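start.cif follows; it contains mmCIF, C-alpha atoms and all ligand atoms.
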```cif
data_protein
#
loop_
_atom_site.label_atom_id
_atom_site.label_comp_id
_atom_site.auth_asym_id
_atom_site.auth_seq_id
_atom_site.Cartn_x
_atom_site.Cartn_y
_atom_site.Cartn_z
CA MET A 155 -32.83 4.52 -50.11
CA LYS A 156 -30.08 2.16 -51.30
CA LYS A 157 -27.27 3.70 -53.31
CA SER A 158 -26.66 2.17 -56.69
CA PRO A 159 -23.90 -0.38 -56.11
CA GLU A 160 -22.57 0.23 -59.62
CA ALA A 161 -21.71 3.75 -58.52
CA LEU A 162 -19.49 2.51 -55.69
CA ALA A 163 -15.95 1.17 -55.84
CA PRO A 164 -15.40 -2.13 -53.97
CA SER A 165 -13.64 -0.31 -51.12
CA GLU A 166 -16.57 2.10 -50.87
CA LEU A 167 -19.00 -0.79 -50.75
CA THR A 168 -17.03 -2.25 -47.90
CA SER A 169 -16.75 0.97 -45.97
CA GLU A 170 -20.43 1.76 -46.40
CA LEU A 171 -21.41 -1.58 -44.95
CA THR A 172 -18.77 -1.18 -42.23
CA ASN A 173 -20.27 2.15 -41.24
CA GLN A 174 -23.74 0.72 -41.02
CA LEU A 175 -22.53 -2.16 -38.93
CA ALA A 176 -20.34 0.06 -36.79
CA ASN A 177 -23.40 2.09 -35.90
CA GLU A 178 -24.53 -1.01 -34.14
CA SER A 179 -21.74 -1.26 -31.60
CA ALA A 180 -21.67 -4.63 -29.94
CA ALA A 181 -20.38 -6.55 -26.97
CA ALA A 182 -21.38 -10.18 -26.99
CA SER A 183 -20.21 -10.83 -23.49
CA ALA A 184 -22.84 -8.50 -22.09
CA ALA A 185 -25.39 -11.09 -23.16
CA ALA A 186 -23.80 -13.83 -21.11
CA ASP A 187 -26.81 -14.33 -18.89
CA LEU A 188 -29.24 -15.17 -21.67
CA PRO A 189 -30.38 -18.78 -21.74
CA GLU A 190 -29.20 -21.11 -24.51
CA ALA A 191 -31.38 -22.82 -27.11
CA SER A 192 -32.27 -26.42 -26.47
CA ALA A 193 -33.30 -28.97 -29.06
CA SER A 194 -36.83 -28.99 -27.76
CA ALA A 195 -39.46 -27.73 -30.16
CA HIS A 196 -40.40 -24.09 -29.72
CA THR A 197 -43.67 -22.90 -31.09
CA ALA A 198 -43.64 -19.10 -31.07
CA SER A 199 -42.83 -17.25 -34.29
CA ALA A 200 -39.67 -15.15 -34.64
CA PRO A 201 -41.51 -11.80 -34.55
CA ALA A 202 -43.30 -12.94 -31.41
CA ALA A 203 -39.95 -13.80 -29.85
CA ARG A 204 -38.61 -10.40 -30.73
CA GLN A 205 -41.59 -8.84 -29.06
CA ARG A 206 -41.15 -10.98 -26.03
CA TRP A 207 -37.65 -9.58 -25.55
CA ALA A 208 -38.65 -6.06 -26.38
CA ALA A 209 -41.72 -5.95 -24.19
CA PRO A 210 -40.23 -5.50 -20.71
CA ALA A 211 -37.91 -2.74 -22.00
CA GLY A 212 -35.52 -3.77 -19.27
CA GLU A 213 -32.23 -5.52 -18.79
CA THR A 214 -33.14 -8.66 -20.71
CA SER A 215 -34.30 -6.78 -23.75
CA ARG A 216 -31.12 -4.69 -23.76
CA ARG A 217 -28.92 -7.78 -23.52
CA PHE A 218 -30.76 -9.34 -26.43
CA GLU A 219 -30.19 -6.24 -28.56
CA ILE A 220 -26.48 -6.30 -27.78
CA LEU A 221 -26.26 -9.97 -28.63
CA GLU A 222 -28.10 -9.50 -31.91
CA LYS A 223 -25.89 -6.59 -32.91
CA SER A 224 -22.78 -8.56 -32.08
CA ILE A 225 -23.82 -11.49 -34.27
CA ARG A 226 -24.74 -9.15 -37.11
CA ARG A 227 -21.49 -7.23 -36.82
CA GLN A 228 -19.33 -10.35 -36.76
CA THR A 229 -21.21 -11.86 -39.68
CA GLY A 230 -20.89 -8.67 -41.71
CA LYS A 231 -17.19 -8.53 -40.89
CA ALA A 232 -16.59 -12.09 -42.06
CA ILE A 233 -18.56 -11.50 -45.26
CA MET A 234 -16.53 -8.40 -46.05
CA GLU A 235 -13.12 -9.73 -45.10
CA PHE A 236 -13.52 -12.86 -47.20
CA ASN A 237 -15.59 -11.19 -49.92
CA MET A 238 -18.23 -13.86 -49.47
CA ILE A 239 -21.17 -12.14 -51.16
CA GLU A 240 -21.04 -9.97 -54.26
CA GLU A 241 -23.46 -7.94 -56.31
CA GLY A 242 -26.02 -10.17 -58.02
CA ASP A 243 -25.25 -13.31 -56.01
CA LYS A 244 -27.96 -15.82 -55.29
CA VAL A 245 -27.12 -17.35 -51.93
CA MET A 246 -28.48 -20.77 -51.12
CA VAL A 247 -28.88 -20.84 -47.35
CA CYS A 248 -28.69 -24.40 -46.08
CA LEU A 249 -31.32 -24.66 -43.38
CA SER A 250 -31.09 -27.79 -41.27
CA GLY A 251 -33.48 -26.64 -38.58
CA GLY A 252 -30.66 -26.18 -36.05
CA ALA A 253 -29.91 -22.99 -34.12
CA ASP A 254 -26.95 -22.13 -36.37
CA SER A 255 -28.83 -22.23 -39.64
CA TYR A 256 -31.81 -20.23 -38.36
CA THR A 257 -29.46 -17.59 -37.00
CA MET A 258 -27.55 -17.47 -40.27
CA LEU A 259 -30.73 -17.04 -42.31
CA ASP A 260 -32.03 -14.24 -40.09
CA THR A 261 -28.69 -12.44 -40.07
CA LEU A 262 -28.32 -12.68 -43.85
CA ARG A 263 -31.83 -11.33 -44.27
CA TYR A 264 -30.89 -8.36 -42.12
CA LEU A 265 -27.66 -7.74 -44.04
CA GLN A 266 -29.57 -8.06 -47.30
CA ARG A 267 -31.76 -5.16 -46.17
CA ILE A 268 -28.90 -2.83 -45.24
CA ALA A 269 -26.16 -3.85 -47.70
CA PRO A 270 -25.29 -1.47 -50.52
CA ILE A 271 -25.33 -4.41 -52.92
CA ASN A 272 -28.20 -6.56 -54.11
CA PHE A 273 -28.25 -10.29 -53.59
CA GLU A 274 -30.92 -12.95 -53.34
CA LEU A 275 -31.50 -15.58 -50.70
CA ILE A 276 -33.12 -18.97 -51.07
CA ALA A 277 -33.40 -21.41 -48.18
CA VAL A 278 -32.89 -25.09 -48.88
CA ASN A 279 -33.63 -27.94 -46.52
CA LEU A 280 -32.79 -31.55 -47.11
CA ASP A 281 -35.41 -33.90 -45.72
CA GLN A 282 -33.33 -37.03 -45.21
CA LYS A 283 -36.31 -39.12 -44.17
CA GLN A 284 -35.18 -39.80 -40.66
CA PRO A 285 -37.98 -41.31 -38.60
CA GLY A 286 -39.82 -38.57 -36.76
CA PHE A 287 -38.61 -35.69 -38.95
CA PRO A 288 -41.25 -32.96 -38.55
CA GLU A 289 -41.86 -32.19 -42.24
CA ASP A 290 -44.16 -29.24 -41.72
CA VAL A 291 -41.93 -27.22 -39.36
CA LEU A 292 -39.61 -25.54 -41.87
CA PRO A 293 -42.19 -24.86 -44.62
CA THR A 294 -44.47 -23.29 -42.01
CA TYR A 295 -41.66 -21.16 -40.65
CA LEU A 296 -40.39 -20.07 -44.07
CA ASP A 297 -43.88 -19.25 -45.33
CA LYS A 298 -44.39 -17.14 -42.25
CA ILE A 299 -41.23 -15.09 -42.70
CA GLY A 300 -41.63 -14.91 -46.49
CA VAL A 301 -38.33 -16.44 -47.60
CA PRO A 302 -38.33 -18.43 -50.86
CA TYR A 303 -37.29 -22.02 -50.28
CA ARG A 304 -36.98 -25.51 -51.59
CA ILE A 305 -37.34 -28.71 -49.59
CA VAL A 306 -35.37 -31.57 -51.14
CA GLU A 307 -36.62 -35.00 -50.16
CA GLN A 308 -34.04 -37.74 -50.37
CA ASP A 309 -33.84 -40.84 -48.24
CA THR A 310 -30.19 -40.75 -47.21
CA TYR A 311 -31.24 -42.22 -43.86
CA SER A 312 -31.85 -45.66 -45.42
CA ILE A 313 -28.61 -45.53 -47.38
CA VAL A 314 -26.61 -44.75 -44.24
CA LYS A 315 -28.35 -47.50 -42.27
CA ASP A 316 -27.81 -50.02 -45.12
CA LYS A 317 -24.15 -49.23 -45.70
CA LEU A 318 -22.88 -49.01 -42.15
CA ALA A 319 -22.69 -51.77 -39.60
CA PRO A 320 -24.68 -51.11 -36.42
CA GLY A 321 -22.69 -49.03 -33.96
CA LYS A 322 -20.54 -47.37 -36.64
CA THR A 323 -20.40 -43.56 -36.69
CA THR A 324 -22.93 -42.38 -39.22
CA CYS A 325 -22.33 -38.63 -39.46
CA SER A 326 -19.41 -38.80 -41.87
CA LEU A 327 -21.24 -40.77 -44.58
CA CYS A 328 -24.46 -38.86 -43.92
CA SER A 329 -22.79 -35.51 -44.42
CA ARG A 330 -20.97 -36.68 -47.57
CA LEU A 331 -24.26 -37.73 -49.11
CA ARG A 332 -25.85 -34.51 -48.00
CA ARG A 333 -23.05 -32.48 -49.53
CA GLY A 334 -23.52 -34.04 -52.97
CA ILE A 335 -27.26 -33.40 -52.90
CA LEU A 336 -26.76 -29.79 -51.83
CA TYR A 337 -24.24 -29.15 -54.62
CA ARG A 338 -26.69 -30.53 -57.16
CA THR A 339 -29.53 -28.47 -55.69
CA ALA A 340 -27.42 -25.31 -55.86
CA LYS A 341 -27.14 -25.75 -59.61
CA GLU A 342 -30.84 -26.48 -59.96
CA VAL A 343 -31.88 -23.31 -58.12
CA GLY A 344 -29.24 -21.20 -59.88
CA ALA A 345 -27.33 -20.37 -56.69
CA THR A 346 -23.92 -18.74 -56.98
CA LYS A 347 -22.98 -19.31 -53.33
CA ILE A 348 -23.85 -22.02 -50.81
CA ALA A 349 -24.02 -20.70 -47.24
CA LEU A 350 -23.37 -23.11 -44.38
CA GLY A 351 -24.04 -22.34 -40.72
CA HIS A 352 -20.68 -23.41 -39.28
CA HIS A 353 -19.43 -20.98 -36.65
CA ARG A 354 -16.17 -20.06 -34.93
CA ASP A 355 -16.30 -23.02 -32.55
CA ASP A 356 -16.86 -25.51 -35.40
CA ILE A 357 -13.78 -24.07 -37.08
CA LEU A 358 -11.72 -24.41 -33.91
CA HIS A 359 -12.92 -27.95 -33.18
CA THR A 360 -12.10 -29.03 -36.73
CA PHE A 361 -8.69 -27.42 -36.54
CA MET A 362 -7.88 -29.36 -33.36
CA LEU A 363 -9.40 -32.63 -34.57
CA ASN A 364 -7.27 -32.48 -37.71
CA MET A 365 -4.16 -31.72 -35.71
CA PHE A 366 -4.69 -34.37 -33.02
CA TYR A 367 -6.27 -37.19 -35.04
CA ALA A 368 -5.39 -36.63 -38.71
CA GLY A 369 -1.86 -35.22 -38.57
CA THR A 370 -2.68 -32.17 -40.62
CA ILE A 371 -3.17 -28.46 -40.07
CA LYS A 372 -6.40 -27.48 -41.71
CA THR A 373 -9.92 -26.50 -40.84
CA MET A 374 -13.19 -25.30 -42.36
CA PRO A 375 -12.31 -22.17 -44.32
CA PRO A 376 -14.80 -19.31 -44.36
CA LYS A 377 -14.91 -19.53 -48.16
CA LEU A 378 -13.82 -22.28 -50.51
CA ILE A 379 -14.39 -23.84 -53.87
CA ALA A 380 -16.39 -26.99 -53.23
CA ASP A 381 -14.84 -30.35 -54.01
CA ASP A 382 -17.02 -30.69 -57.13
CA GLY A 383 -15.14 -27.63 -58.43
CA GLN A 384 -18.39 -25.92 -59.39
CA ASN A 385 -19.75 -24.35 -56.25
CA ILE A 386 -18.50 -21.73 -53.84
CA VAL A 387 -19.22 -22.49 -50.21
CA ILE A 388 -19.30 -19.68 -47.65
CA ARG A 389 -19.52 -19.71 -43.86
CA PRO A 390 -20.87 -16.30 -42.83
CA LEU A 391 -20.90 -17.20 -39.10
CA ALA A 392 -17.16 -17.95 -39.10
CA TYR A 393 -16.48 -15.28 -36.44
CA CYS A 394 -19.55 -15.99 -34.27
CA ARG A 395 -19.33 -17.88 -30.99
CA GLU A 396 -21.48 -20.98 -30.62
CA ALA A 397 -22.67 -19.86 -27.17
CA ASP A 398 -23.93 -16.56 -28.59
CA ILE A 399 -25.78 -18.32 -31.40
CA LYS A 400 -27.46 -20.66 -28.94
CA LYS A 401 -28.57 -17.78 -26.76
CA TYR A 402 -29.83 -15.87 -29.76
CA ALA A 403 -31.73 -18.89 -31.05
CA ALA A 404 -33.32 -19.44 -27.65
CA ALA A 405 -34.39 -15.81 -27.49
CA MET A 406 -35.84 -15.99 -30.98
CA GLN A 407 -37.67 -19.21 -30.10
CA TYR A 408 -36.82 -20.84 -33.40
CA PRO A 409 -38.58 -24.16 -34.00
CA ILE A 410 -35.41 -26.22 -33.56
CA ILE A 411 -35.19 -29.65 -35.18
CA PRO A 412 -32.51 -31.82 -33.54
CA CYS A 413 -29.90 -33.47 -35.76
CA ASN A 414 -30.01 -36.82 -34.02
CA LEU A 415 -33.32 -38.16 -35.22
CA CYS A 416 -31.29 -40.88 -36.88
CA GLY A 417 -30.35 -42.16 -33.42
CA SER A 418 -26.70 -41.46 -34.19
CA GLN A 419 -24.31 -41.66 -31.29
CA PRO A 420 -22.53 -38.43 -30.35
CA ASN A 421 -19.13 -37.80 -31.91
CA LEU A 422 -16.93 -38.37 -28.89
CA GLN A 423 -13.77 -36.90 -30.38
CA ARG A 424 -15.51 -33.67 -31.36
CA GLN A 425 -17.18 -33.54 -27.95
CA ALA A 426 -13.77 -33.84 -26.31
CA MET A 427 -12.55 -30.84 -28.35
CA ARG A 428 -15.68 -28.93 -27.41
CA ASP A 429 -15.20 -29.64 -23.71
CA MET A 430 -11.56 -28.59 -23.88
CA LEU A 431 -12.32 -25.34 -25.67
CA ASN A 432 -15.22 -24.55 -23.35
CA GLU A 433 -12.84 -24.96 -20.43
CA TRP A 434 -10.24 -22.70 -22.08
CA GLU A 435 -12.92 -20.17 -22.90
CA LYS A 436 -13.45 -19.76 -19.16
CA SER A 437 -9.91 -20.10 -17.90
CA LYS A 438 -7.77 -18.91 -20.86
CA PRO A 439 -9.95 -16.83 -23.19
CA LEU A 440 -6.90 -15.31 -24.86
CA TRP A 441 -5.83 -18.77 -26.06
CA ILE A 442 -9.03 -19.04 -28.07
CA LYS A 443 -8.59 -15.62 -29.62
CA SER A 444 -4.97 -16.36 -30.36
CA MET A 445 -5.87 -19.65 -32.07
CA ILE A 446 -8.27 -17.83 -34.36
CA ALA A 447 -5.64 -15.19 -35.06
CA ALA A 448 -3.04 -17.92 -35.71
CA MET A 449 -5.20 -19.44 -38.43
CA GLN A 450 -4.99 -16.11 -40.23
CA ASN A 451 -1.30 -15.65 -39.65
CA VAL A 452 0.48 -18.74 -41.00
CA VAL A 453 4.23 -18.59 -41.61
CA PRO A 454 5.12 -21.49 -43.94
CA SER A 455 8.86 -20.94 -43.58
CA HIS A 456 8.54 -21.58 -39.85
CA MET A 457 6.64 -24.82 -40.20
CA MET A 458 7.92 -28.15 -41.51
CA ASP A 459 5.92 -28.59 -44.69
CA ARG A 460 8.32 -29.16 -47.61
CA SER A 461 5.49 -28.79 -50.10
CA LEU A 462 4.75 -25.26 -48.88
CA PHE A 463 8.26 -23.97 -48.50
CA ASN A 464 11.35 -24.74 -50.52
CA PHE A 465 13.74 -25.75 -47.75
CA THR A 466 16.13 -27.55 -50.07
CA SER A 467 17.27 -24.72 -52.29
CA PHE A 468 16.32 -21.36 -50.91
CA GLN A 469 18.72 -18.50 -51.43
CA MET A 470 20.20 -16.03 -48.99
CA GLU A 471 18.30 -12.79 -49.01
CA ALA A 472 19.88 -9.41 -48.36
CA GLY A 473 19.34 -8.20 -44.82
CA ALA A 474 17.98 -9.92 -41.75
CA ALA A 475 14.39 -11.06 -41.49
CA PRO A 476 12.39 -8.38 -39.63
CA GLU A 477 11.40 -10.74 -36.84
CA GLY A 478 14.87 -12.24 -36.55
CA ASP A 479 15.45 -15.97 -36.74
CA THR A 480 14.78 -18.77 -34.36
CA LEU A 481 17.70 -20.95 -35.32
CA PHE A 482 19.10 -21.23 -31.85
CA ASP A 483 16.23 -20.14 -29.64
CA THR A 484 12.66 -21.12 -29.25
CA ASP A 485 10.05 -18.42 -29.77
CA GLU A 486 9.28 -16.35 -26.72
CA ALA A 487 5.65 -16.00 -25.86
CA PRO A 488 4.69 -12.36 -26.37
CA SER A 489 4.57 -10.55 -23.08
CA LEU A 490 1.29 -8.90 -23.93
CA PRO A 491 -0.52 -11.34 -26.16
CA GLY A 492 -3.61 -9.18 -26.19
CA GLN A 493 -1.64 -6.46 -27.99
CA ASN A 494 0.84 -8.42 -30.01
CA VAL A 495 -0.98 -11.49 -31.20
CA ILE A 496 -4.67 -10.83 -31.29
CA LYS A 497 -5.47 -9.03 -34.49
CA PHE A 498 -9.21 -9.05 -34.42
CA MET A 499 -12.29 -9.42 -32.22
S1 LIG B 501 -26.68 -36.85 -36.40
FE1 LIG B 501 -27.71 -38.15 -37.93
S2 LIG B 501 -28.65 -36.73 -39.36
FE2 LIG B 501 -27.12 -35.56 -38.21
S3 LIG B 501 -25.27 -35.72 -39.47
FE3 LIG B 501 -25.17 -37.39 -38.00
S4 LIG B 501 -26.04 -39.13 -39.10
FE4 LIG B 501 -26.66 -37.30 -40.21
#
```

Could you render the structure from this file as C-alpha cells?
Ligand code: SF4
Amino acid sequence: MKKSPEALAPSELTSELTNQLANESAAASAAADLPEASASAHTASAPAARQRWAAPAGETSRRFEILEKSIRRQTGKAIMEFNMIEEGDKVMVCLSGGADSYTMLDTLRYLQRIAPINFELIAVNLDQKQPGFPEDVLPTYLDKIGVPYRIVEQDTYSIVKDKLAPGKTTCSLCSRLRRGILYRTAKEVGATKIALGHHRDDILHTFMLNMFYAGTIKTMPPKLIADDGQNIVIRPLAYCREADIKKYAAAMQYPIIPCNLCGSQPNLQRQAMRDMLNEWEKSKPLWIKSMIAAMQNVVPSHMMDRSLFNFTSFQMEAGAAPEGDTLFDTDEAPSLPGQNVIKFM
C-alpha cells in the first residue's frame, strides 16, 4: 500500500523512490543484442509484446528485463534529480507515435504505480493532418491500455506547405506551430507539466548543433519554463540512450507512426551530429559520458561569457582557488577520466 505522501519529507520521498528503483538494478549494455524499432507499423499490443519476451524464459527475456529496468531507473533518476514531478501534478504526455513517446508513457505509468506521490497522466496527440496519418492507431492503443487522452486535430501540414518554398526545411516551423498548440492544450486539460520524449542523444545533438552552427552553448534542459511563461516542460528520458529506447520499443512492438509523413527531407546537420556521436559511442564512450557530465558542471569563470561572469571588476578573494588557476597553463586532461570527470551513469 502507498504511504501517504503528506507524511513524508521531500528527502524521504526521494529516498523511497530511489530504494524502489535501486531494487531493480540495471545494466543497459547487457541488452545490446536486442533489435531496434523500425518505423514500420507493428500490430501486436504491448502486453502481448511483454509476453513474447517473457515466454521463452531464456536469454532474450532476461536482456529485455535488464533493458526495461535500466530505462525505468534512469527515468526515475532524472525525475528526482530535477524534481520534475510533484504531488498532485497532472502530466500531459505528448505522444507523437514515435518510439520515444511510447517508451516515455509506459515508463511514467510504471513510476506512477510505484511512486510515493500521486500524480495524473493524460496523453495528448496532435493530428497535424499529414497525408496518410493513421488516425485510428493512437486512440486504439490508448483505449487498450486505459490511459486518458485527447487527440487535437489541427492542420499544421497545410500551413507549413503554404508558408515554405518547396525544398525548404519544414521541421523548424512545424515544431514551432506544434509547440503553441501543445501549450494551449495543456491549459485546456489542466496539465501542470508537459512531458516531452527527448532523450540523452537529442540533448547531446542539440548541444553540438548549437555549438557548431549557432555559436552558443545551450541544449534542451530536462526541465524548463516554456517560452509562453505559463507551462513547465519536462524531459523524463533525459538520461536514456536512444539506442536503448529503440530496442525497448521494438521489443514492446509499439504501433510506431513515422514522423516523415509530410515528406520532409532529413535534417542533415542533425544527422551529421548523430553519426559523429554514434561513432564516438563505439570508439570513445567516455567522451559521451564526459559531455553529459560537463553539461552539469559548468564553470562560468572559466568560460568567456561576460554576461555570466563579471570579468571587468571582480575582486581578489582570500586564498587560492581550490583547483588552482589556469593563467599560464592549459588544463590537463584528467589521467583517469572515469574517476575524476564522470559523475553519474
Ligand atoms: S518530419 Fe514532418 S511532421 Fe515531423 S517535425 Fe518535420 S515537418 Fe513536422

- Nearest to Tyr256 (chain A) among A:Gln228, A:Gln407, A:Gln425, A:Asn451, with distances taken over all atoms listed in the file: which residue is it?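 Of the candidates, the smallest distance to Tyr256 (chain A) is held by A:Gln407.
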
- Task: Check the smallest atom-to-atom distance from each of A:Gln419, A:Ser437, A:Thr339, A:Thr346 to Glu274 (chain A) using all atoms listed in the file, then report the winner.
- Result: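 For Glu274 (chain A), the nearest of the candidates is A:Thr346.
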
Using all atoms listed in the file, which residues have at least one atom no more than 8 Å from ligand LIG 501 (chain B)? Output them as a JSON list (two decimals) with C-alpha atoms, keeping the file's coordinate frame.
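Now in result_9.json:
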```json
[["chain", "number", "residue", "atom", "x", "y", "z"],
["A", 282, "GLN", "CA", -33.33, -37.03, -45.21],
["A", 284, "GLN", "CA", -35.18, -39.80, -40.66],
["A", 311, "TYR", "CA", -31.24, -42.22, -43.86],
["A", 314, "VAL", "CA", -26.61, -44.75, -44.24],
["A", 323, "THR", "CA", -20.40, -43.56, -36.69],
["A", 324, "THR", "CA", -22.93, -42.38, -39.22],
["A", 325, "CYS", "CA", -22.33, -38.63, -39.46],
["A", 326, "SER", "CA", -19.41, -38.80, -41.87],
["A", 327, "LEU", "CA", -21.24, -40.77, -44.58],
["A", 328, "CYS", "CA", -24.46, -38.86, -43.92],
["A", 329, "SER", "CA", -22.79, -35.51, -44.42],
["A", 413, "CYS", "CA", -29.90, -33.47, -35.76],
["A", 414, "ASN", "CA", -30.01, -36.82, -34.02],
["A", 415, "LEU", "CA", -33.32, -38.16, -35.22],
["A", 416, "CYS", "CA", -31.29, -40.88, -36.88],
["A", 417, "GLY", "CA", -30.35, -42.16, -33.42],
["A", 418, "SER", "CA", -26.70, -41.46, -34.19],
["A", 419, "GLN", "CA", -24.31, -41.66, -31.29],
["A", 420, "PRO", "CA", -22.53, -38.43, -30.35]]
```

- Task: Enter the distance from CA of Lys244 (chain A) to CA of Leu221 (chain A), in Å, rounded to one decimal.
- Result: 27.3 Å

Let me have the centre and edge lengths in Å, one decimal, of the box along x, y and z around every listed atom of region 247-258 of chain A with 4 Å of margin on each side, as JSON.
```
{"center_x": -30.2, "center_y": -22.6, "center_z": -40.7, "size_x": 14.5, "size_y": 18.3, "size_z": 21.2}
```

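Taking all atoms listed in the file into account, Gly252 (chain A) lies nearest to A:Lys400 out of the set A:Lys400, A:Arg216, A:Lys231, A:Lys315.
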
- Query: Which residue, A:Val387, A:Ala392, A:Leu363, A:Ile411, has the smallest gap to Glu289 (chain A) when you use all atoms listed in the file?
  - Reply: A:Ile411

- Task: Rank A:Met238, A:Ile225, A:Ala253, A:Met258 by their smallest atom-to-atom distance to Ala403 (chain A), using all atoms listed in the file, and report the top residue only.
- Result: A:Ala253

- Quick one: pull the distance between CA of Leu265 (chain A) and CA of Ile305 (chain A), Å, one decimal.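 Atom-to-atom, CA of Leu265 (chain A) and CA of Ile305 (chain A) are spaced 23.8 Å apart.
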
- Interatomic distance, CA of Arg263 (chain A) to CA of Ser215 (chain A) (Å, one decimal): 21.2 Å

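Counting all atoms listed in the file, the residue from A:Ile276, A:Ile357, A:Ala269, A:Leu259 that sits nearest to Arg395 (chain A) is A:Ile357.
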